[in-house]
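Next comes model.tsv, with TSV, C-alpha atoms.
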```tsv
chain	number	residue	atom	x	y	z
A	29	ASP	CA	-61.20	-19.89	60.88
A	30	GLU	CA	-63.93	-17.35	60.10
A	31	ASP	CA	-65.16	-19.40	57.13
A	32	GLU	CA	-65.32	-22.53	59.31
A	33	HIS	CA	-67.19	-20.56	61.97
A	34	ILE	CA	-69.73	-19.26	59.44
A	35	ALA	CA	-70.17	-22.77	58.00
A	36	ALA	CA	-71.19	-23.98	61.44
A	37	LEU	CA	-73.83	-21.28	61.90
A	38	SER	CA	-77.47	-22.07	62.51
A	39	ILE	CA	-80.14	-20.76	60.17
A	40	ASP	CA	-80.79	-17.83	62.55
A	41	ASP	CA	-77.09	-17.00	62.59
A	42	LEU	CA	-76.90	-17.29	58.79
A	43	GLU	CA	-79.85	-14.94	58.52
A	44	ALA	CA	-78.23	-12.38	60.83
A	45	THR	CA	-74.90	-12.61	58.99
A	46	LEU	CA	-76.61	-12.29	55.62
A	47	LEU	CA	-78.57	-9.28	56.82
A	48	ARG	CA	-75.30	-7.58	57.83
A	49	LYS	CA	-73.81	-8.40	54.41
A	50	LEU	CA	-76.82	-6.93	52.63
A	51	HIS	CA	-76.62	-3.84	54.81
A	52	SER	CA	-73.09	-3.18	53.55
A	53	HIS	CA	-73.79	-3.88	49.86
A	54	ASP	CA	-76.60	-5.14	47.65
A	55	MET	CA	-76.42	-8.68	46.36
A	56	SER	CA	-78.36	-10.49	43.68
A	57	VAL	CA	-80.48	-13.54	44.44
A	58	ARG	CA	-77.84	-15.71	42.78
A	59	GLU	CA	-75.05	-14.14	44.84
A	60	VAL	CA	-77.00	-14.77	48.04
A	61	THR	CA	-77.81	-18.33	47.00
A	62	ASP	CA	-74.15	-18.97	46.19
A	63	TRP	CA	-73.09	-17.48	49.54
A	64	LEU	CA	-75.56	-19.68	51.39
A	65	ARG	CA	-74.29	-22.78	49.57
A	66	GLU	CA	-70.69	-21.82	50.39
A	67	ASN	CA	-71.73	-21.63	54.02
A	68	ASP	CA	-73.36	-25.07	53.97
A	69	ALA	CA	-76.93	-23.90	54.39
A	70	ALA	CA	-79.42	-26.67	53.79
A	71	GLU	CA	-81.19	-26.30	50.44
A	72	GLY	CA	-84.57	-25.78	52.11
A	73	ASP	CA	-83.16	-23.22	54.54
A	74	ALA	CA	-81.45	-21.33	51.72
A	75	PHE	CA	-84.65	-21.26	49.68
A	76	ALA	CA	-86.65	-20.06	52.70
A	77	LEU	CA	-84.15	-17.29	53.48
A	78	VAL	CA	-84.05	-16.07	49.87
A	79	GLU	CA	-87.85	-16.11	49.69
A	80	LYS	CA	-88.14	-14.24	53.01
A	81	PHE	CA	-85.57	-11.61	52.01
A	82	GLU	CA	-87.29	-11.08	48.65
A	83	ARG	CA	-90.65	-10.69	50.38
A	84	LEU	CA	-89.16	-8.16	52.82
A	85	GLY	CA	-87.50	-6.24	49.98
A	86	TYR	CA	-83.91	-6.94	51.01
A	87	LEU	CA	-83.39	-8.84	47.76
A	88	ASN	CA	-84.74	-7.35	44.56
A	89	ASP	CA	-82.90	-8.16	41.34
A	90	GLU	CA	-84.90	-5.66	39.27
A	91	ARG	CA	-84.05	-2.80	41.63
A	92	LEU	CA	-80.42	-3.91	41.81
A	93	ALA	CA	-80.18	-4.07	38.01
A	94	LEU	CA	-81.58	-0.54	37.66
A	95	GLU	CA	-79.28	0.86	40.36
A	96	LEU	CA	-76.18	-0.81	38.96
A	97	CYS	CA	-77.11	0.24	35.43
A	98	ALA	CA	-77.47	3.88	36.46
A	99	TRP	CA	-74.24	3.82	38.47
A	100	LEU	CA	-72.19	2.08	35.78
A	101	SER	CA	-73.49	4.12	32.85
A	102	GLU	CA	-73.87	7.56	34.43
A	103	ARG	CA	-71.13	7.63	37.04
A	104	LYS	CA	-68.58	5.26	35.50
A	105	GLY	CA	-69.24	6.12	31.85
A	106	LYS	CA	-69.62	2.50	30.78
A	107	SER	CA	-71.48	1.61	27.63
A	108	ARG	CA	-74.63	-0.43	27.33
A	109	SER	CA	-72.71	-3.58	26.34
A	110	ILE	CA	-70.30	-3.34	29.28
A	111	VAL	CA	-73.18	-2.66	31.68
A	112	ALA	CA	-75.01	-5.73	30.36
A	113	ARG	CA	-71.91	-7.87	30.84
A	114	GLU	CA	-71.40	-6.67	34.41
A	115	LEU	CA	-75.06	-7.27	35.28
A	116	ARG	CA	-74.85	-10.82	33.89
A	117	GLN	CA	-71.71	-11.40	35.97
A	118	ARG	CA	-73.72	-10.48	39.07
A	119	GLY	CA	-76.16	-13.25	38.20
A	120	LEU	CA	-79.13	-11.04	37.42
A	121	ALA	CA	-81.94	-12.45	35.29
A	122	GLN	CA	-82.00	-11.40	31.64
A	123	ALA	CA	-85.47	-9.85	32.10
A	124	ALA	CA	-84.13	-7.55	34.85
A	125	ILE	CA	-81.11	-6.71	32.70
A	126	ASP	CA	-83.31	-5.85	29.72
A	127	VAL	CA	-85.48	-3.51	31.81
A	128	ALA	CA	-82.37	-1.83	33.22
A	129	LEU	CA	-80.75	-1.41	29.80
A	130	ASP	CA	-83.95	0.14	28.45
A	131	SER	CA	-83.40	2.90	31.02
A	132	ILE	CA	-80.20	3.97	29.22
A	133	ASP	CA	-81.05	6.71	26.74
A	134	SER	CA	-78.89	6.32	23.64
A	135	ASP	CA	-78.55	10.12	23.38
A	136	VAL	CA	-77.31	10.29	26.97
A	137	GLU	CA	-74.90	7.44	26.26
A	138	GLY	CA	-73.52	9.39	23.30
A	139	GLU	CA	-73.20	12.52	25.42
A	140	LYS	CA	-71.33	10.57	28.08
A	141	ALA	CA	-68.92	9.24	25.44
A	142	VAL	CA	-68.28	12.81	24.23
A	143	GLU	CA	-67.77	13.98	27.82
A	144	LEU	CA	-65.24	11.20	28.46
A	145	ALA	CA	-63.45	11.96	25.18
A	146	MET	CA	-63.27	15.68	26.04
A	147	GLN	CA	-61.78	14.90	29.44
A	148	ARG	CA	-59.25	12.50	27.97
A	149	VAL	CA	-58.19	14.65	24.99
A	150	ARG	CA	-56.88	17.31	27.39
A	151	GLN	CA	-54.35	14.74	28.61
A	152	PHE	CA	-53.07	14.31	25.05
A	153	SER	CA	-51.90	17.88	24.47
A	154	SER	CA	-48.33	16.78	23.78
A	155	LEU	CA	-49.40	14.16	21.22
A	156	ASP	CA	-49.88	14.66	17.51
A	157	ASP	CA	-53.47	14.45	16.23
A	158	ASP	CA	-53.14	10.95	14.76
A	159	THR	CA	-51.84	9.51	18.01
A	160	ALA	CA	-54.38	11.39	20.12
A	161	GLN	CA	-57.20	10.22	17.87
A	162	ARG	CA	-56.01	6.60	17.99
A	163	ARG	CA	-55.73	6.67	21.78
A	164	LEU	CA	-59.16	8.26	22.19
A	165	HIS	CA	-60.65	5.63	19.92
A	166	GLY	CA	-59.06	2.82	21.96
A	167	PHE	CA	-60.10	4.43	25.26
A	168	LEU	CA	-63.77	4.61	24.27
A	169	SER	CA	-63.76	1.23	22.52
A	170	ARG	CA	-62.47	-0.48	25.68
A	171	ARG	CA	-65.48	0.97	27.49
A	172	GLY	CA	-67.69	-0.83	25.01
A	173	TYR	CA	-69.10	2.08	23.05
A	174	ALA	CA	-70.36	1.27	19.56
A	175	GLY	CA	-68.23	2.33	16.59
A	176	ASP	CA	-70.51	5.17	15.50
A	177	VAL	CA	-70.62	6.57	19.05
A	178	VAL	CA	-66.82	6.35	19.29
A	179	ARG	CA	-66.28	8.09	15.94
A	180	SER	CA	-68.67	10.89	16.84
A	181	ALA	CA	-67.15	11.42	20.30
A	182	VAL	CA	-63.59	11.35	18.96
A	183	SER	CA	-64.49	13.88	16.25
A	184	ALA	CA	-66.08	16.20	18.79
A	185	ALA	CA	-63.11	15.96	21.14
A	186	MET	CA	-60.53	16.40	18.39
A	187	ALA	CA	-62.32	19.53	17.17
A	188	THR	CA	-61.57	21.16	20.52
A	189	ARG	CA	-57.82	20.54	20.35
A	190	THR	CA	-55.57	23.52	20.27
A	191	GLY	CA	-51.87	23.77	20.33
A	192	GLY	CA	-50.96	23.64	16.69
A	193	HIS	CA	-50.78	19.89	16.24
A	194	SER	CA	-52.27	18.55	13.07
A	195	ALA	CA	-52.39	15.22	11.35
A	196	ASN	CA	-50.05	16.53	8.64
A	197	ARG	CA	-47.50	18.15	10.90
A	198	ALA	CA	-45.33	16.68	13.63
A	199	PRO	CA	-45.17	18.57	16.91
A	200	ARG	CA	-42.30	21.00	17.30
A	201	PHE	CA	-39.69	20.26	19.93
A	202	ARG	CA	-37.44	22.96	21.29
```

Show how you would write the structure in this file as structure tokens.
Amino acid sequence: DEDEHIAALSIDDLEATLLRKLHSHDMSVREVTDWLRENDAAEGDAFALVEKFERLGYLNDERLALELCAWLSERKGKSRSIVARELRQRGLAQAAIDVALDSIDSDVEGEKAVELAMQRVRQFSSLDDDTAQRRLHGFLSRRGYAGDVVRSAVSAAMATRTGGHSANRAPRFR
């Protein structure tokens, strides 16, 4: 019923509804355009609304790309490749994605991988070194980190392990 109601909205109502949506979360120009199409906005009306919202600063793909990039890489610990994929999924232009990805410092990305590996290795205290190393490698690889970053982070995290486990010795069970 709500979808049918929205579909019947006038351009002023669409604008008000869209403004509320943008107040709750940022959207890309493509996401807004898709939403307007889903709600049967006339092509000219959709174009006018997008243009107006860009002019007013409510829609800004470059800003959105930078904000999402910072959030995904710094707060979520995602690698450059995963961030790029997620930005593309949001419909952001490649130029905006490139600018955002340039803001990721490769040293900081490596430090974040080490930080994630250090946090995770503590959960592997009952595992032998080979298993812990394999799981750490998989954990970081699934987050899209490059092989050299993964190897470095895993080495750093494994160097902090204590508890007597080694690659040559199985853990003791009592």

* Shell of 12 Å around Val127 (chain A), all atoms listed in the file, local chain residues under 3 positions omitted, as an MDAnalysis selection string -> chainID A and resid 89:95 97:98 112 115 120:124 130:132

* Name the closest residue to Trp99 (chain A) among the candidates A:Ala160, A:Ala128, A:Leu87, A:Ala76; distances are taken between atoms, counting all atoms listed in the file. =>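 Result for the nearest residue to Trp99 (chain A): A:Ala128.
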
Quick one: residues within 9 Å of Arg118 (chain A), all atoms listed in the file counted, chain neighbours fewer than 5 positions away excluded, as a compact mmCIF listing (two decimals) with C-alpha atoms, in the coordinates of the input?
```txt
# COMPACT_ATOMS: atom_id res chain seq x y z
CA MET A 55 -76.42 -8.68 46.36
CA SER A 56 -78.36 -10.49 43.68
CA ARG A 58 -77.84 -15.71 42.78
CA GLU A 59 -75.05 -14.14 44.84
CA ARG A 113 -71.91 -7.87 30.84
```

* Structure fact -> Residue with the minimum atom-to-atom distance to Ala74 (chain A), picked from A:Glu114, A:Leu96, A:Asp40, A:Lys49 with only C-alpha atoms counted, is A:Asp40

* Which residue gives the smallest distance to Asp157 (chain A) among A:Thr188, A:Arg171, A:Val177, A:Asp62, with only C-alpha atoms counted? -> A:Thr188

* Smallest atom-to-atom distance to Ser107 (chain A): which of A:Ala69, A:Val60, A:Leu144, A:Ile39, using all atoms listed in the file? ->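 That would be A:Leu144, the residue with the smallest distance to Ser107 (chain A).
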